[in-house]
Structure formats: C-alpha cells, structure tokens
Amino acid sequence: MDKYSQDIYLYQDEIGIYQMQIQLARNNIISINPSEIVYNTSESECTIGLVNNNVISQPGYLCYLIDVDDIYFYKRFFIIYIEYTRKGNVYTCPIAYEY
C-alpha cells in the first residue's frame with residue numbers, strides 16, 4: 001500500500017459523524033434504542049437508523065454513513081454512542097450528550 005492509499009471511508013465517516021453530532025445537538029432527543037435514535041426538530045419527529053446499508057435521518061434522506069453492515073446505539077454516563085460495523089471492522093464514536 002503506498003502513502004496515497006487510505007481507507008476510502010476515513011474522511012467520509014468523520015464528516016458524517018460530525019453532521020450527526022450537530023443535528024442531535026441542535027434538536028431534542030426523544031428516545032434511544034439499539035437500532036435507532038428518535039429526535040424532534042422544529043418541523044417534525046425524525047429518526048436516525050440503518051436503511052439499505054446507510055445510516056440516515058428520516059423523514060427525508062440525510063445520509064451520514066455509507067456501506068454500513070450493522071449499527072448499535074447506546075448511552076453510557078450521559079454520552080450517546082454509535083457503534084457501527086463495516087467489512088468486519090467495528091467503529092465506535094460519541095455522537096451526543098444527553099442531560
């Protein structure tokens with residue numbers, strides 16, 4: 001592998017996680033379960049979950065992460081995390097603070 005070859009998802013994931021963090025920080029989180037997060041915007045109730053191997057927010061189709069095999073949301077010490085699997089690799093990122 002040369003110095004220019006990198007994981008094609010590296011920067012896409014960083015941007016997607018950051019966008020998810022902003023979305024959740026700006027809105028009221030209603031519930032968290034292993035497969036989705038439900039939150040309110042000023043216009044509607046929305047969910048973040050896995051649809052067709054993409055982590056998206058609905059209604060609409062705001063895509064945060066692509067080519068994801070599985071997700072798991074959980075809370076630990078008031079911090080909400082997403083754990084996602086892609087091609088056998090597991091990634092864990094904090095995405096929100098629940099108070």
# chains A, B, ... in the order shown; residues from 1 in each chain; ligands from 1
call {"tool": "select_by_dssp", "arguments": {"residues": "chain A", "states": "helix (DSSP H, G or I)", "output": "PyMOL selection string"}}
result
chain A and resi 10-26
call {"tool": "write_last_selection", "arguments": {"atoms": "all heavy atoms", "output": "tab-separated table (two decimals), in the first residue's frame"}}
result
chain	number	residue	atom	x	y	z
A	10	LEU	N	-12.55	6.95	5.48
A	10	LEU	CA	-11.99	7.68	6.62
A	10	LEU	C	-12.57	9.09	6.74
A	10	LEU	O	-13.14	9.44	7.76
A	10	LEU	CB	-10.46	7.74	6.51
A	10	LEU	CG	-9.74	8.51	7.60
A	10	LEU	CD1	-9.88	7.79	8.94
A	10	LEU	CD2	-8.28	8.69	7.24
A	11	TYR	N	-12.46	9.88	5.72
A	11	TYR	CA	-12.92	11.27	5.78
A	11	TYR	C	-14.43	11.37	5.67
A	11	TYR	O	-15.05	12.23	6.30
A	11	TYR	CB	-12.22	12.12	4.73
A	11	TYR	CG	-10.73	12.14	4.93
A	11	TYR	CD1	-9.87	11.57	3.99
A	11	TYR	CD2	-10.17	12.68	6.09
A	11	TYR	CE1	-8.50	11.55	4.20
A	11	TYR	CE2	-8.80	12.66	6.31
A	11	TYR	CZ	-7.97	12.11	5.35
A	11	TYR	OH	-6.62	12.09	5.56
A	12	GLN	N	-15.03	10.49	4.88
A	12	GLN	CA	-16.49	10.48	4.79
A	12	GLN	C	-17.12	10.20	6.15
A	12	GLN	O	-18.10	10.85	6.54
A	12	GLN	CB	-16.96	9.42	3.79
A	12	GLN	CG	-16.61	9.73	2.37
A	12	GLN	CD	-16.96	8.58	1.43
A	12	GLN	OE1	-17.30	7.48	1.85
A	12	GLN	NE2	-16.85	8.83	0.14
A	13	ASP	N	-16.56	9.25	6.89
A	13	ASP	CA	-17.08	8.93	8.22
A	13	ASP	C	-16.91	10.10	9.18
A	13	ASP	O	-17.81	10.41	9.95
A	13	ASP	CB	-16.39	7.69	8.80
A	13	ASP	CG	-16.87	6.40	8.16
A	13	ASP	OD1	-17.70	6.44	7.24
A	13	ASP	OD2	-16.38	5.33	8.60
A	14	GLU	N	-15.77	10.75	9.16
A	14	GLU	CA	-15.53	11.89	10.04
A	14	GLU	C	-16.56	12.99	9.80
A	14	GLU	O	-17.12	13.56	10.74
A	14	GLU	CB	-14.13	12.45	9.87
A	14	GLU	CG	-13.06	11.58	10.48
A	14	GLU	CD	-11.66	12.17	10.30
A	14	GLU	OE1	-11.53	13.35	9.92
A	14	GLU	OE2	-10.69	11.44	10.56
A	15	ILE	N	-16.82	13.29	8.54
A	15	ILE	CA	-17.79	14.33	8.20
A	15	ILE	C	-19.20	13.89	8.59
A	15	ILE	O	-19.96	14.67	9.17
A	15	ILE	CB	-17.70	14.68	6.70
A	15	ILE	CG1	-16.37	15.36	6.41
A	15	ILE	CG2	-18.88	15.55	6.27
A	15	ILE	CD1	-16.03	15.48	4.93
A	16	GLY	N	-19.55	12.65	8.30
A	16	GLY	CA	-20.88	12.14	8.64
A	16	GLY	C	-21.14	12.13	10.14
A	16	GLY	O	-22.22	12.51	10.60
A	17	ILE	N	-20.16	11.70	10.92
A	17	ILE	CA	-20.30	11.69	12.38
A	17	ILE	C	-20.46	13.12	12.89
A	17	ILE	O	-21.30	13.41	13.74
A	17	ILE	CB	-19.10	10.98	13.06
A	17	ILE	CG1	-19.10	9.49	12.72
A	17	ILE	CG2	-19.10	11.22	14.57
A	17	ILE	CD1	-20.25	8.69	13.29
A	18	TYR	N	-19.66	14.04	12.36
A	18	TYR	CA	-19.76	15.45	12.76
A	18	TYR	C	-21.15	16.01	12.44
A	18	TYR	O	-21.75	16.70	13.27
A	18	TYR	CB	-18.66	16.26	12.06
A	18	TYR	CG	-18.67	17.72	12.41
A	18	TYR	CD1	-18.32	18.15	13.68
A	18	TYR	CD2	-19.04	18.67	11.46
A	18	TYR	CE1	-18.33	19.50	14.01
A	18	TYR	CE2	-19.05	20.02	11.78
A	18	TYR	CZ	-18.71	20.42	13.06
A	18	TYR	OH	-18.74	21.76	13.38
A	19	GLN	N	-21.68	15.72	11.26
A	19	GLN	CA	-23.01	16.19	10.88
A	19	GLN	C	-24.07	15.61	11.81
A	19	GLN	O	-25.01	16.29	12.21
A	19	GLN	CB	-23.33	15.83	9.44
A	19	GLN	CG	-22.53	16.62	8.43
A	19	GLN	CD	-22.74	16.13	7.01
A	19	GLN	OE1	-22.97	14.95	6.77
A	19	GLN	NE2	-22.66	17.05	6.06
A	20	MET	N	-23.93	14.33	12.17
A	20	MET	CA	-24.86	13.70	13.09
A	20	MET	C	-24.78	14.36	14.47
A	20	MET	O	-25.82	14.63	15.10
A	20	MET	CB	-24.54	12.20	13.20
A	20	MET	CG	-25.63	11.39	13.85
A	20	MET	SD	-25.25	9.62	14.04
A	20	MET	CE	-24.44	9.18	12.53
A	21	GLN	N	-23.58	14.66	14.93
A	21	GLN	CA	-23.41	15.33	16.22
A	21	GLN	C	-24.10	16.69	16.23
A	21	GLN	O	-24.78	17.04	17.20
A	21	GLN	CB	-21.92	15.49	16.53
A	21	GLN	CG	-21.22	14.19	16.84
A	21	GLN	CD	-19.71	14.32	16.85
A	21	GLN	OE1	-19.13	15.23	16.26
A	21	GLN	NE2	-19.05	13.40	17.55
A	22	ILE	N	-23.94	17.45	15.18
A	22	ILE	CA	-24.58	18.77	15.10
A	22	ILE	C	-26.09	18.63	15.08
A	22	ILE	O	-26.81	19.36	15.79
A	22	ILE	CB	-24.08	19.55	13.87
A	22	ILE	CG1	-22.63	19.96	14.11
A	22	ILE	CG2	-24.96	20.77	13.59
A	22	ILE	CD1	-21.96	20.60	12.92
A	23	GLN	N	-26.60	17.71	14.29
A	23	GLN	CA	-28.05	17.51	14.19
A	23	GLN	C	-28.64	17.16	15.55
A	23	GLN	O	-29.67	17.68	15.95
A	23	GLN	CB	-28.36	16.42	13.17
A	23	GLN	CG	-29.82	16.23	12.89
A	23	GLN	CD	-30.42	17.34	12.03
A	23	GLN	OE1	-29.78	18.32	11.71
A	23	GLN	NE2	-31.66	17.19	11.71
A	24	LEU	N	-27.99	16.26	16.29
A	24	LEU	CA	-28.50	15.85	17.59
A	24	LEU	C	-28.32	16.94	18.65
A	24	LEU	O	-29.15	17.08	19.55
A	24	LEU	CB	-27.85	14.54	18.02
A	24	LEU	CG	-28.24	13.33	17.17
A	24	LEU	CD1	-27.41	12.11	17.56
A	24	LEU	CD2	-29.73	13.04	17.27
A	25	ALA	N	-27.27	17.73	18.54
A	25	ALA	CA	-27.05	18.82	19.50
A	25	ALA	C	-28.08	19.92	19.33
A	25	ALA	O	-28.46	20.59	20.30
A	25	ALA	CB	-25.64	19.38	19.34
A	26	ARG	N	-28.55	20.13	18.12
A	26	ARG	CA	-29.49	21.21	17.83
A	26	ARG	C	-30.94	20.84	18.11
A	26	ARG	O	-31.81	21.70	18.09
A	26	ARG	CB	-29.37	21.62	16.36
A	26	ARG	CG	-28.03	22.23	16.03
A	26	ARG	CD	-27.92	22.58	14.58
A	26	ARG	NE	-28.93	23.58	14.24
A	26	ARG	CZ	-29.40	23.80	13.03
A	26	ARG	NH1	-28.95	23.09	12.03
A	26	ARG	NH2	-30.30	24.73	12.81
call {"tool": "residues_around", "arguments": {"residues": "Ile79 in chain A", "least_positions_apart": "4", "cutoff": "6 Å", "atoms": "only C-alpha atoms", "output": "PDB file with all heavy atoms, in the first residue's frame"}}
result
ATOM      1  N   LYS A  75     -26.139   4.390  25.369  1.00  0.00           N
ATOM      2  CA  LYS A  75     -25.782   5.527  26.219  1.00  0.00           C
ATOM      3  C   LYS A  75     -24.961   5.023  27.386  1.00  0.00           C
ATOM      4  O   LYS A  75     -25.281   3.998  27.987  1.00  0.00           O
ATOM      5  CB  LYS A  75     -27.044   6.214  26.718  1.00  0.00           C
ATOM      6  CG  LYS A  75     -26.786   7.431  27.562  1.00  0.00           C
ATOM      7  CD  LYS A  75     -28.061   8.159  27.901  1.00  0.00           C
ATOM      8  CE  LYS A  75     -28.911   7.361  28.831  1.00  0.00           C
ATOM      9  NZ  LYS A  75     -30.056   8.100  29.376  1.00  0.00           N
ATOM     10  N   ALA A  96     -23.576  12.292  20.900  1.00  0.00           N
ATOM     11  CA  ALA A  96     -24.408  13.282  21.584  1.00  0.00           C
ATOM     12  C   ALA A  96     -24.211  13.179  23.090  1.00  0.00           C
ATOM     13  O   ALA A  96     -23.722  12.169  23.604  1.00  0.00           O
ATOM     14  CB  ALA A  96     -25.876  13.081  21.235  1.00  0.00           C
ATOM     15  N   TYR A  97     -24.618  14.230  23.751  1.00  0.00           N
ATOM     16  CA  TYR A  97     -24.627  14.283  25.213  1.00  0.00           C
ATOM     17  C   TYR A  97     -26.065  14.422  25.639  1.00  0.00           C
ATOM     18  O   TYR A  97     -26.758  15.335  25.174  1.00  0.00           O
ATOM     19  CB  TYR A  97     -23.791  15.473  25.686  1.00  0.00           C
ATOM     20  CG  TYR A  97     -23.748  15.614  27.183  1.00  0.00           C
ATOM     21  CD1 TYR A  97     -22.916  14.801  27.955  1.00  0.00           C
ATOM     22  CD2 TYR A  97     -24.530  16.552  27.839  1.00  0.00           C
ATOM     23  CE1 TYR A  97     -22.866  14.921  29.315  1.00  0.00           C
ATOM     24  CE2 TYR A  97     -24.483  16.693  29.205  1.00  0.00           C
ATOM     25  CZ  TYR A  97     -23.651  15.874  29.953  1.00  0.00           C
ATOM     26  OH  TYR A  97     -23.606  15.992  31.307  1.00  0.00           O
TER      27      TYR A  97
END
call {"tool": "select_by_dssp", "arguments": {"residues": "chain A", "states": "strand (DSSP E or B)", "output": "PyMOL selection string"}}
result
chain A and resi 28-33+36-40+45-51+54-58+62-65+70-76+79-86+89-97
call {"tool": "write_last_selection", "arguments": {"atoms": "N, CA and C atoms", "output": "compact mmCIF listing (two decimals), in the first residue's frame"}}
result
# COMPACT_ATOMS: atom_id res chain seq x y z
N ASN A 28 -34.02 18.06 20.11
CA ASN A 28 -34.37 17.34 21.33
C ASN A 28 -34.43 15.84 21.07
N ILE A 29 -33.60 15.07 21.76
CA ILE A 29 -33.60 13.61 21.61
C ILE A 29 -34.75 13.06 22.44
N ILE A 30 -35.60 12.27 21.78
CA ILE A 30 -36.77 11.69 22.44
C ILE A 30 -36.44 10.31 23.02
N SER A 31 -35.83 9.45 22.20
CA SER A 31 -35.53 8.10 22.68
C SER A 31 -34.32 7.52 21.94
N ILE A 32 -33.71 6.57 22.62
CA ILE A 32 -32.56 5.86 22.06
C ILE A 32 -32.84 4.37 22.25
N ASN A 33 -32.72 3.61 21.18
CA ASN A 33 -32.75 2.17 21.32
C ASN A 33 -31.62 1.63 20.44
N GLU A 36 -32.08 2.64 16.60
CA GLU A 36 -32.38 3.98 16.12
C GLU A 36 -32.41 5.01 17.24
N ILE A 37 -32.27 6.25 16.83
CA ILE A 37 -32.45 7.40 17.72
C ILE A 37 -33.61 8.21 17.16
N VAL A 38 -34.53 8.60 18.04
CA VAL A 38 -35.67 9.42 17.65
C VAL A 38 -35.45 10.80 18.25
N TYR A 39 -35.62 11.84 17.42
CA TYR A 39 -35.45 13.21 17.90
C TYR A 39 -36.46 14.13 17.23
N ASN A 40 -36.69 15.28 17.85
CA ASN A 40 -37.62 16.28 17.32
C ASN A 40 -36.86 17.45 16.73
N GLU A 45 -40.90 14.92 13.81
CA GLU A 45 -40.17 13.89 14.54
C GLU A 45 -39.33 13.11 13.53
N CYS A 46 -38.07 12.89 13.83
CA CYS A 46 -37.14 12.24 12.91
C CYS A 46 -36.48 11.05 13.58
N THR A 47 -35.95 10.15 12.77
CA THR A 47 -35.18 9.02 13.28
C THR A 47 -33.85 8.92 12.54
N ILE A 48 -32.86 8.44 13.25
CA ILE A 48 -31.58 8.08 12.64
C ILE A 48 -31.47 6.57 12.78
N GLY A 49 -31.27 5.88 11.67
CA GLY A 49 -31.17 4.43 11.69
C GLY A 49 -30.51 3.91 10.42
N LEU A 50 -30.44 2.60 10.33
CA LEU A 50 -29.80 1.94 9.19
C LEU A 50 -30.85 1.57 8.15
N VAL A 51 -30.69 2.08 6.93
CA VAL A 51 -31.59 1.78 5.82
C VAL A 51 -30.73 1.47 4.60
N ASN A 54 -27.04 2.17 4.79
CA ASN A 54 -26.63 3.56 5.01
C ASN A 54 -27.27 4.05 6.31
N VAL A 55 -26.52 4.81 7.09
CA VAL A 55 -27.07 5.43 8.29
C VAL A 55 -27.66 6.76 7.86
N ILE A 56 -28.99 6.86 8.01
CA ILE A 56 -29.68 8.05 7.50
C ILE A 56 -30.63 8.62 8.54
N SER A 57 -31.02 9.87 8.30
CA SER A 57 -32.06 10.53 9.07
C SER A 57 -33.30 10.61 8.21
N GLN A 58 -34.43 10.23 8.79
CA GLN A 58 -35.71 10.30 8.08
C GLN A 58 -36.71 11.04 8.94
N LEU A 62 -31.20 12.26 4.74
CA LEU A 62 -29.90 12.84 5.08
C LEU A 62 -28.98 11.68 5.43
N CYS A 63 -28.00 11.40 4.58
CA CYS A 63 -27.12 10.24 4.74
C CYS A 63 -25.87 10.63 5.51
N TYR A 64 -25.61 9.93 6.61
CA TYR A 64 -24.42 10.19 7.43
C TYR A 64 -23.27 9.22 7.13
N LEU A 65 -23.58 7.94 7.04
CA LEU A 65 -22.55 6.92 6.83
C LEU A 65 -23.03 5.96 5.73
N ASP A 70 -23.95 -2.98 10.09
CA ASP A 70 -24.78 -3.05 11.30
C ASP A 70 -24.49 -1.83 12.17
N ILE A 71 -25.50 -1.41 12.96
CA ILE A 71 -25.31 -0.30 13.90
C ILE A 71 -25.85 -0.69 15.26
N TYR A 72 -25.38 0.02 16.26
CA TYR A 72 -25.84 -0.17 17.63
C TYR A 72 -25.69 1.17 18.34
N PHE A 73 -26.80 1.72 18.83
CA PHE A 73 -26.76 2.96 19.60
C PHE A 73 -26.87 2.62 21.08
N TYR A 74 -26.11 3.31 21.92
CA TYR A 74 -26.21 3.09 23.35
C TYR A 74 -25.76 4.35 24.10
N LYS A 75 -26.14 4.39 25.37
CA LYS A 75 -25.78 5.53 26.22
C LYS A 75 -24.96 5.02 27.39
N ARG A 76 -23.92 5.76 27.70
CA ARG A 76 -23.07 5.42 28.84
C ARG A 76 -22.64 6.72 29.49
N ILE A 79 -23.49 10.01 27.75
CA ILE A 79 -22.96 10.18 26.39
C ILE A 79 -23.58 9.10 25.51
N ILE A 80 -24.10 9.53 24.36
CA ILE A 80 -24.71 8.61 23.41
C ILE A 80 -23.67 8.24 22.36
N TYR A 81 -23.55 6.96 22.09
CA TYR A 81 -22.56 6.45 21.14
C TYR A 81 -23.25 5.74 19.98
N ILE A 82 -22.58 5.74 18.85
CA ILE A 82 -22.94 4.85 17.76
C ILE A 82 -21.77 3.88 17.58
N GLU A 83 -22.12 2.60 17.49
CA GLU A 83 -21.14 1.57 17.16
C GLU A 83 -21.59 0.99 15.83
N TYR A 84 -20.73 1.02 14.85
CA TYR A 84 -21.12 0.51 13.53
C TYR A 84 -20.05 -0.41 12.99
N THR A 85 -20.51 -1.36 12.17
CA THR A 85 -19.63 -2.37 11.59
C THR A 85 -19.63 -2.21 10.08
N ARG A 86 -18.43 -2.24 9.52
CA ARG A 86 -18.27 -2.19 8.07
C ARG A 86 -17.13 -3.14 7.70
N ASN A 89 -14.92 -4.61 10.41
CA ASN A 89 -14.31 -3.68 11.34
C ASN A 89 -15.39 -2.96 12.14
N VAL A 90 -15.15 -2.79 13.44
CA VAL A 90 -16.11 -2.13 14.32
C VAL A 90 -15.56 -0.76 14.70
N TYR A 91 -16.43 0.26 14.60
CA TYR A 91 -16.06 1.64 14.93
C TYR A 91 -17.04 2.15 15.98
N THR A 92 -16.53 2.88 16.95
CA THR A 92 -17.37 3.47 17.99
C THR A 92 -17.06 4.95 18.10
N CYS A 93 -18.12 5.78 18.10
CA CYS A 93 -17.96 7.22 18.16
C CYS A 93 -19.02 7.83 19.07
N PRO A 94 -18.63 8.80 19.90
CA PRO A 94 -19.64 9.54 20.65
C PRO A 94 -20.37 10.48 19.68
N ILE A 95 -21.71 10.55 19.83
CA ILE A 95 -22.46 11.40 18.91
C ILE A 95 -23.32 12.45 19.59
N ALA A 96 -23.58 12.29 20.90
CA ALA A 96 -24.41 13.28 21.58
C ALA A 96 -24.21 13.18 23.09
N TYR A 97 -24.62 14.23 23.75
CA TYR A 97 -24.63 14.28 25.21
C TYR A 97 -26.07 14.42 25.64
call {"tool": "atom_distance", "arguments": {"atom1": "CA of Tyr9 in chain A", "atom2": "CA of Glu98 in chain A"}}
result
27.6 Å
call {"tool": "closest_residue", "arguments": {"among": "A:Ile8, A:Lys87, A:Asn27, A:Phe78", "to": "Asn53 in chain A", "atoms": "only C-alpha atoms"}}
result
A:Lys87
